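Chemist: This is query_24.cif (mmCIF, C-alpha atoms).
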```
data_target
loop_
_atom_site.label_atom_id
_atom_site.label_comp_id
_atom_site.auth_asym_id
_atom_site.auth_seq_id
_atom_site.Cartn_x
_atom_site.Cartn_y
_atom_site.Cartn_z
CA MET A 1 2.75 -11.59 19.56
CA LYS A 2 5.53 -9.05 19.64
CA THR A 3 4.51 -5.40 19.34
CA VAL A 4 7.01 -2.69 18.50
CA VAL A 5 6.06 0.98 18.73
CA VAL A 6 7.83 3.28 16.27
CA ILE A 7 8.16 6.96 17.21
CA PRO A 8 9.82 9.47 14.88
CA ALA A 9 11.14 12.44 16.84
CA LEU A 10 12.50 15.87 16.04
CA ASN A 11 13.66 18.19 18.82
CA GLU A 12 11.48 16.59 21.49
CA GLU A 13 13.92 16.42 24.43
CA GLN A 14 11.27 17.98 26.70
CA ARG A 15 8.49 15.48 26.01
CA ILE A 16 10.08 12.25 24.79
CA SER A 17 11.08 10.90 28.19
CA MET A 18 7.56 11.08 29.64
CA LEU A 19 6.06 9.69 26.44
CA LEU A 20 8.43 6.69 26.47
CA ARG A 21 7.60 5.91 30.12
CA GLU A 22 3.92 5.88 29.16
CA VAL A 23 4.39 3.81 26.00
CA LEU A 24 6.47 1.15 27.78
CA ARG A 25 3.44 0.40 29.94
CA TYR A 26 1.65 -0.91 26.84
CA ALA A 27 4.41 -2.25 24.55
CA GLU A 28 7.49 -4.37 25.13
CA GLN A 29 9.72 -2.52 22.70
CA VAL A 30 9.88 1.04 21.38
CA VAL A 31 12.01 2.31 18.52
CA VAL A 32 12.68 6.04 18.63
CA VAL A 33 14.09 7.54 15.44
CA ASP A 34 15.70 10.89 16.10
CA ASP A 35 15.44 12.62 12.73
CA GLY A 36 18.47 14.89 12.95
CA SER A 37 17.43 16.83 16.07
CA SER A 38 19.53 19.79 17.13
CA ASP A 39 18.72 19.18 20.81
CA HIS A 40 19.33 16.13 23.06
CA THR A 41 16.37 14.03 21.93
CA TYR A 42 18.63 11.10 21.03
CA ASP A 43 20.50 11.13 24.36
CA VAL A 44 17.27 11.35 26.35
CA ALA A 45 15.77 8.44 24.38
CA GLN A 46 18.95 6.40 24.86
CA ARG A 47 18.75 6.85 28.61
CA ALA A 48 15.07 5.89 28.69
CA GLY A 49 15.99 2.37 29.73
CA GLN A 50 15.33 -1.18 28.69
CA GLY A 51 12.87 -1.68 25.92
CA VAL A 52 13.82 1.53 24.13
CA ILE A 53 16.01 1.41 21.04
CA ALA A 54 17.20 4.86 20.01
CA LEU A 55 18.27 5.38 16.41
CA ARG A 56 19.64 8.56 14.95
CA HIS A 57 19.51 10.12 11.50
CA ARG A 58 22.54 12.36 11.17
CA LEU A 59 20.53 14.55 8.80
CA ASN A 60 16.91 15.60 8.97
CA LEU A 61 15.20 13.49 6.31
CA GLY A 62 11.57 14.04 7.23
CA LYS A 63 8.85 12.17 9.09
CA GLY A 64 8.23 9.64 6.30
CA SER A 65 11.89 8.65 6.20
CA ALA A 66 12.12 8.42 9.98
CA LEU A 67 9.04 6.16 10.08
CA LYS A 68 10.57 3.96 7.38
CA THR A 69 13.80 3.59 9.38
CA GLY A 70 11.75 2.74 12.47
CA CYS A 71 9.71 0.14 10.62
CA GLU A 72 12.84 -1.44 9.11
CA ALA A 73 14.21 -1.68 12.66
CA ALA A 74 10.93 -3.18 13.91
CA LEU A 75 11.12 -5.89 11.24
CA ARG A 76 14.72 -6.65 12.17
CA LEU A 77 13.49 -7.04 15.76
CA HIS A 78 10.96 -9.64 14.50
CA ALA A 79 7.90 -7.60 15.33
CA ASP A 80 4.51 -9.14 14.59
CA ARG A 81 2.65 -5.87 14.98
CA VAL A 82 3.89 -2.32 14.52
CA VAL A 83 2.34 0.76 16.11
CA LEU A 84 3.20 4.22 14.78
CA MET A 85 2.72 7.30 16.92
CA ASP A 86 3.88 10.91 17.11
CA SER A 87 6.50 12.11 19.57
CA ASP A 88 4.99 15.47 20.47
CA GLY A 89 2.68 14.02 23.09
CA GLN A 90 -0.53 14.58 21.12
CA HIS A 91 -1.32 10.87 21.21
CA LYS A 92 -2.20 8.97 24.36
CA ALA A 93 -0.24 5.77 24.90
CA SER A 94 -3.30 4.36 26.65
CA ASP A 95 -4.95 4.12 23.20
CA ILE A 96 -2.37 1.54 22.03
CA PRO A 97 -4.25 -1.47 23.48
CA ARG A 98 -7.46 -0.24 21.81
CA LEU A 99 -5.78 -0.16 18.40
CA LEU A 100 -4.28 -3.62 18.88
CA LYS A 101 -7.52 -5.06 20.20
CA LYS A 102 -9.42 -3.75 17.18
CA MET A 103 -6.84 -5.38 14.90
CA GLU A 104 -7.36 -8.74 16.60
CA THR A 105 -11.11 -8.72 17.13
CA GLN A 106 -11.94 -7.51 13.63
CA ASN A 107 -9.08 -9.46 12.04
CA VAL A 108 -7.87 -6.51 9.98
CA ASP A 109 -4.42 -5.71 8.57
CA ILE A 110 -4.27 -2.09 9.59
CA VAL A 111 -6.03 0.11 12.15
CA PHE A 112 -6.14 3.89 11.81
CA GLY A 113 -6.46 6.08 14.86
CA SER A 114 -8.88 8.88 14.02
CA ARG A 115 -8.98 12.10 15.96
CA LYS A 116 -12.28 13.35 17.23
CA ILE A 117 -13.68 16.11 15.04
CA GLY A 118 -14.59 18.85 17.44
CA ARG A 119 -13.68 22.17 18.87
CA ALA A 120 -10.20 21.01 19.85
CA MET A 121 -9.19 20.46 16.20
CA PRO A 122 -8.07 23.65 14.40
CA LEU A 123 -10.57 24.71 11.69
CA VAL A 124 -8.10 24.65 8.76
CA MET A 125 -7.05 21.13 9.74
CA MET A 126 -10.67 20.04 10.01
CA ILE A 127 -11.59 21.32 6.53
CA GLY A 128 -8.38 20.03 4.93
CA ASN A 129 -8.79 16.64 6.55
CA ALA A 130 -12.40 16.30 5.40
CA PHE A 131 -11.42 17.23 1.84
CA LEU A 132 -8.45 14.81 1.68
CA SER A 133 -10.57 12.09 3.24
CA ARG A 134 -13.25 12.52 0.56
CA LEU A 135 -10.62 12.61 -2.19
CA THR A 136 -8.93 9.36 -1.12
CA SER A 137 -12.34 7.77 -0.80
CA VAL A 138 -13.36 8.74 -4.35
CA LEU A 139 -10.00 7.95 -5.98
CA PHE A 140 -8.97 4.83 -4.05
CA GLY A 141 -12.15 3.48 -2.51
CA ILE A 142 -10.84 3.64 1.05
CA ARG A 143 -12.80 5.86 3.43
CA ILE A 144 -10.89 7.05 6.50
CA SER A 145 -12.35 9.90 8.54
CA ASP A 146 -8.91 11.23 9.54
CA THR A 147 -6.29 10.72 6.86
CA GLN A 148 -3.62 12.78 8.63
CA SER A 149 -3.48 11.07 11.99
CA GLY A 150 -0.08 9.52 12.64
CA PHE A 151 -1.41 7.06 15.22
CA ARG A 152 -1.97 3.67 13.59
CA SER A 153 -1.04 0.03 13.85
CA PHE A 154 -0.53 -2.72 11.29
CA ARG A 155 0.55 -6.33 10.98
CA ALA A 156 4.26 -6.54 10.21
CA ASP A 157 3.63 -8.84 7.25
CA VAL A 158 1.71 -6.13 5.36
CA TYR A 159 4.54 -3.59 5.67
CA SER A 160 5.84 -4.46 2.20
CA LYS A 161 2.39 -3.59 0.78
CA ILE A 162 1.94 -0.24 2.51
CA LYS A 163 5.60 0.79 2.26
CA TRP A 164 5.86 4.43 1.22
CA ASP A 165 8.25 6.66 -0.73
CA SER A 166 7.14 9.96 0.83
CA ARG A 167 9.84 11.53 2.89
CA ARG A 168 7.71 14.12 4.63
CA TYR A 169 4.10 14.61 5.67
CA SER A 170 2.51 12.82 2.69
CA VAL A 171 3.47 9.54 4.38
CA GLU A 172 0.16 9.08 6.21
CA THR A 173 -1.87 9.52 3.02
CA GLU A 174 0.45 7.31 0.95
CA MET A 175 0.02 4.55 3.51
CA ILE A 176 -3.78 4.77 3.10
CA VAL A 177 -3.49 4.87 -0.69
CA ASN A 178 -1.26 1.77 -0.69
CA ALA A 179 -3.65 -0.02 1.67
CA GLY A 180 -6.47 0.82 -0.75
CA LYS A 181 -4.50 -0.32 -3.80
CA HIS A 182 -3.72 -3.68 -2.15
CA LYS A 183 -7.26 -4.02 -0.80
CA LEU A 184 -6.06 -4.52 2.77
CA LYS A 185 -8.61 -4.99 5.52
CA PHE A 186 -8.76 -1.95 7.75
CA ALA A 187 -10.62 -0.44 10.70
CA GLU A 188 -10.73 2.88 12.55
CA VAL A 189 -10.52 3.66 16.24
CA GLU A 190 -11.41 7.03 17.69
CA ILE A 191 -8.46 8.41 19.64
CA GLU A 192 -7.88 11.21 22.10
CA THR A 193 -5.69 14.07 20.86
CA ILE A 194 -4.01 16.88 22.72
CA TYR A 195 -3.12 19.87 20.52
CA HIS A 196 -0.08 21.77 21.75
CA ASP A 197 0.65 25.42 21.04
CA ASN A 198 3.93 24.67 19.28
CA TYR A 199 2.32 22.40 16.69
CA LYS A 200 4.89 21.03 14.23
CA GLY A 201 2.69 18.85 12.04
CA THR A 202 1.05 19.32 8.67
CA THR A 203 0.76 22.90 7.44
CA PHE A 204 -1.47 24.39 4.73
CA ILE A 205 1.37 24.07 2.19
CA ASP A 206 1.83 20.41 3.20
CA GLY A 207 -1.90 19.97 2.56
CA ILE A 208 -1.50 21.24 -0.99
CA ARG A 209 1.49 18.94 -1.52
CA ILE A 210 -0.54 15.99 -0.22
CA PHE A 211 -3.40 16.90 -2.57
CA LEU A 212 -1.05 16.97 -5.58
CA ASN A 213 0.55 13.70 -4.49
CA ILE A 214 -2.85 11.99 -4.23
CA LEU A 215 -3.59 12.99 -7.83
CA MET A 216 -0.15 11.76 -8.92
CA TRP A 217 -0.57 8.39 -7.14
CA ARG A 218 -3.86 7.94 -8.98
CA ILE A 219 -2.29 8.62 -12.36
CA ILE A 220 0.89 6.55 -11.88
CA MET B 1 26.39 47.67 -31.59
CA ILE B 2 23.20 47.93 -29.56
CA GLY B 3 22.88 47.76 -25.75
CA ILE B 4 21.59 44.20 -25.57
CA GLN B 5 24.62 43.00 -27.58
CA ILE B 6 27.00 44.70 -25.13
CA VAL B 7 25.20 43.06 -22.19
CA ALA B 8 25.36 39.64 -23.89
CA ILE B 9 29.09 40.04 -24.61
CA ILE B 10 29.81 41.03 -21.00
CA PHE B 11 27.79 37.99 -19.86
CA ALA B 12 29.70 35.66 -22.22
CA LEU B 13 33.07 37.06 -21.03
CA GLY B 14 32.01 36.59 -17.40
CA MET B 15 31.02 32.99 -18.09
CA ILE B 16 34.34 32.33 -19.89
CA TYR B 17 36.15 33.54 -16.78
CA LEU B 18 33.91 31.48 -14.44
CA SER B 19 34.47 28.35 -16.53
CA PHE B 20 38.21 28.99 -16.34
CA LEU B 21 37.98 29.34 -12.53
CA HIS B 22 36.16 25.99 -12.25
CA PHE B 23 38.80 24.40 -14.49
CA ARG B 24 41.64 25.85 -12.38
CA ARG B 25 40.03 24.49 -9.19
CA GLY B 26 39.90 21.06 -10.78
CA GLU B 27 36.09 20.98 -10.84
CA PHE B 28 36.02 20.74 -14.66
CA GLY B 29 38.04 18.28 -16.74
CA LYS B 30 39.84 19.43 -19.93
CA ILE B 31 37.04 18.28 -22.26
CA GLU B 32 34.35 19.80 -20.05
CA PHE B 33 36.26 23.08 -19.94
CA ALA B 34 36.73 23.07 -23.73
CA LEU B 35 32.99 22.43 -24.34
CA TRP B 36 31.94 25.30 -22.07
CA GLN B 37 34.49 27.61 -23.73
CA ILE B 38 33.13 26.70 -27.18
CA LEU B 39 29.60 27.47 -25.96
CA TRP B 40 30.43 30.89 -24.49
CA VAL B 41 32.73 31.93 -27.35
CA GLY B 42 30.04 30.76 -29.80
CA LEU B 43 27.49 32.91 -27.99
CA GLY B 44 29.85 35.90 -28.28
CA VAL B 45 30.36 35.30 -32.03
CA VAL B 46 26.60 35.03 -32.68
CA VAL B 47 25.98 38.21 -30.69
CA ILE B 48 28.66 40.20 -32.59
CA TYR B 49 27.92 38.68 -36.03
CA PRO B 50 24.20 37.75 -36.07
CA GLN B 51 24.34 37.11 -39.82
CA SER B 52 26.81 34.22 -39.26
CA VAL B 53 23.89 31.90 -38.38
CA ARG B 54 21.68 32.93 -41.32
CA PHE B 55 21.84 29.40 -42.78
CA ILE B 56 20.29 28.04 -39.57
CA LEU B 57 17.58 30.72 -39.65
CA ARG B 58 16.70 29.78 -43.21
CA ALA B 59 16.67 26.05 -42.46
CA PHE B 60 14.21 26.48 -39.56
CA SER B 61 12.19 29.33 -41.12
CA ILE B 62 13.08 31.73 -38.28
CA SER B 63 13.12 35.41 -39.21
CA ARG B 64 15.54 36.91 -36.64
CA THR B 65 18.73 35.71 -34.92
CA PHE B 66 17.31 36.92 -31.61
CA ASP B 67 14.35 34.52 -31.99
CA LEU B 68 16.77 31.66 -32.62
CA VAL B 69 18.74 32.49 -29.45
CA VAL B 70 15.51 32.65 -27.40
CA VAL B 71 14.25 29.29 -28.74
CA ILE B 72 17.61 27.59 -28.09
CA GLY B 73 17.73 29.21 -24.64
CA ILE B 74 14.29 27.86 -23.69
CA VAL B 75 15.06 24.35 -24.98
CA VAL B 76 18.40 24.26 -23.15
CA SER B 77 16.79 25.60 -19.93
CA PHE B 78 14.20 22.81 -19.94
CA GLY B 79 16.89 20.24 -20.60
CA VAL B 80 19.12 21.53 -17.81
CA THR B 81 16.15 21.72 -15.38
CA PHE B 82 15.22 18.12 -16.11
CA ARG B 83 18.82 16.96 -15.71
CA ASN B 84 19.19 18.83 -12.41
CA TYR B 85 15.92 17.33 -11.15
CA VAL B 86 17.10 13.80 -11.92
CA ILE B 87 20.48 14.42 -10.26
CA VAL B 88 18.91 15.95 -7.12
CA LYS B 89 16.45 13.03 -6.82
CA ARG B 90 19.28 10.52 -7.17
CA ILE B 91 21.38 12.29 -4.53
CA GLU B 92 18.39 12.56 -2.15
CA LYS B 93 17.75 8.82 -2.49
CA ARG B 94 21.39 7.97 -1.84
CA VAL B 95 21.60 10.28 1.17
CA GLU B 96 18.43 8.72 2.60
CA GLU B 97 19.68 5.16 2.09
CA PHE B 98 23.08 5.97 3.53
CA THR B 99 21.60 7.75 6.57
CA ARG B 100 19.17 4.88 7.20
CA GLU B 101 21.80 2.17 6.91
CA GLU B 102 24.06 4.08 9.25
CA SER B 103 21.31 4.52 11.85
CA LEU B 104 20.33 0.83 11.66
CA LYS B 105 23.89 -0.46 12.13
CA GLY B 106 23.29 -1.42 15.76
CA VAL B 107 20.04 -3.27 15.07
CA LYS B 108 20.69 -6.95 14.36
CA LYS B 109 19.04 -8.59 11.35
#
```
Now that the file is in, can you turn its structure into structure tokens?

Modeler:
Amino acid sequence: MKTVVVIPALNEEQRISMLLREVLRYAEQVVVVDDGSSDHTYDVAQRAGQGVIALRHRLNLGKGSALKTGCEAALRLHADRVVLMDSDGQHKASDIPRLLKKMETQNVDIVFGSRKIGRAMPLVMMIGNAFLSRLTSVLFGIRISDTQSGFRSFRADVYSKIKWDSRRYSVETEMIVNAGKHKLKFAEVEIETIYHDNYKGTTFIDGIRIFLNILMWRII
Amino acid sequence: MIGIQIVAIIFALGMIYLSFLHFRRGEFGKIEFALWQILWVGLGVVVIYPQSVRFILRAFSISRTFDLVVVIGIVVSFGVTFRNYVIVKRIEKRVEEFTREESLKGVKK
């Protein structure tokens, strides 16, 4: 079974090298998609050695687009399983085997990494996450405790079913919505998360956009 | 002539000049340029002679020329907004596809 890890990256020259070293301990191939960084993220990823394929978007298209490019690359590389994770070092590569194991033992199509709800998670994120989680559960019948976590794995053959159109941070939710629409088998794994000071993820405005998108996906 | 008419005429003259500039730079074709000129000159005529569109006012049961201009303005604004939205979406999609294809060039199928 070939596993390819897809990592979208934007201006992560400081952290990407260490992250790739860690990830290569658990996966044979990693695809890094530099989403139009203004620093040397692409060069650093290219020098990371065997097993790392560095791709570059000349323009910044957004996380959703970068993930899509990475997944297209993973399919071209004949991946059987795809793992998605963030490049800012908030996910622990050591959780990759746990996600994959869950997928095999429970025979599910997709496994969502869910961050621990606790003091480490910022309050706004905690409330927003709980609300979006409840909303997707009511509207699509798929209950995930952490809808915004970017750490997840899926079987390559279900990619066409969960494939998303979102270019930015709605991608995680759209993936869940599509999994719900296609009645895919799923599971959750609790993951460790490290929150950095220079957090670049979902903002309050993104949360509102995601909320509106969820309503739109229900209607259309 | 009241103040609002003077403002509207200055606006129409400015737009006539801008349309001409776009035409001179080759950004507008002859037909496009002619259509924009007709629109701005037409606006100027309606502003100077409001009674010239009385037959339209009667046909649509509108009491004042100003109301007619506002209604047309709103309808045109919505139309232009929709058109711009469609164009932007199309361009975004093409840029994304192009950027993705370019980045995936090295990855064998």

Chemist: Suppose a student applies the PyMOL selection byres ((chain B) within 8 of (chain A)) to this structure; what residues should they get, written as a PyMOL selection string?

Modeler: chain B and resi 96+99-100+102-104+107-109

Chemist: Might you spell out which residues the PyMOL selection byres ((chain A and resi 203-212) around 9) would select in the displayed file, as a list in words?

Modeler: Val124, Met125, Gly128, Asn129, Leu132, Leu135, Arg168, Tyr169, Ser170, Val171, Thr173, Glu174, Lys200, Gly201, Thr202, Asn213, Ile214, Leu215, Met216 and Trp217 of chain A

Chemist: Can you pull out the residues contacting region 40-45 of chain B? Cut-off 7 Å, using all atoms listed in the file, and skip same-chain residues under 5 positions away; I want them as a list in words.

Modeler: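 Here the answer would be Ile9, Ala12, Met15 and Ile16 of chain B.
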
Chemist: Looking at B:Glu32, B:Phe11, B:Ile38, B:Leu57, which one is nearest to Val71 (chain B), with distances taken over all atoms listed in the file?

Modeler: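 Using all atoms listed in the file, Val71 (chain B) sits closest to B:Leu57.
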
Chemist: So that I can check the surroundings of Gln29 (chain A), please list as an mmCIF file with C-alpha atoms, in the coordinates of the input every protein, DNA and RNA residue that reaches within 7 Å of it, counting all atoms listed in the file and ignoring chain neighbours fewer than 6 positions away.

Modeler:
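Final output, saved to result-v4.cif:
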```cif
data_model
loop_
_atom_site.group_PDB
_atom_site.id
_atom_site.type_symbol
_atom_site.label_atom_id
_atom_site.label_comp_id
_atom_site.auth_asym_id
_atom_site.auth_seq_id
_atom_site.Cartn_x
_atom_site.Cartn_y
_atom_site.Cartn_z
ATOM 1 C CA THR A 3 4.510 -5.400 19.340
ATOM 2 C CA VAL A 4 7.010 -2.690 18.500
ATOM 3 C CA VAL A 5 6.060 0.980 18.730
ATOM 4 C CA GLY A 51 12.870 -1.680 25.920
ATOM 5 C CA VAL A 52 13.820 1.530 24.130
#
```

Chemist: What separation in Å, quoted to one decimal, exists between CA of Thr193 (chain A) and CA of Lys92 (chain A)?

Modeler: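 Answer for the CA of Thr193 (chain A) to CA of Lys92 (chain A) separation: 7.1 Å.
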
Chemist: Within 12 Å of (23.4, 41.8, -26.0), in the coordinates the file gives, what residues turn up when you count only C-alpha atoms, written out as a VMD selection string?

Modeler: chain B and resid 1 to 13 43 to 50 65 to 66 69

Chemist: Which distance in Å separates CA of Pro8 (chain A) and CA of Gly49 (chain A), to one decimal?

Modeler: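 Pair CA of Pro8 (chain A) / CA of Gly49 (chain A) returns 17.6 Å.
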
Chemist: Tell me, in Å to one decimal, how far CA of Ala93 (chain A) is from CA of Glu13 (chain A).

Modeler: 17.7 Å

Chemist: Which residues come within 12 Å of region 94-105 of chain A, counting all atoms listed in the file, excluding same-chain residues fewer than 2 positions away, as JSON, numbers by chain?

Modeler: {"A": [1, 2, 3, 4, 5, 6, 19, 20, 21, 22, 23, 24, 25, 26, 27, 28, 80, 81, 82, 83, 84, 85, 89, 90, 91, 92, 107, 108, 109, 110, 111, 112, 113, 114, 115, 151, 152, 153, 154, 155, 185, 186, 187, 188, 189, 190, 191, 192, 193]}

Chemist: Within 8 Å of Lys161 (chain A), counting only C-alpha atoms, which residues show up once you throw out same-chain ones fewer than 4 positions away? Write them as a list in words, please.

Modeler: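 In the requested format, the answer is Asn178, Ala179 and His182 of chain A.
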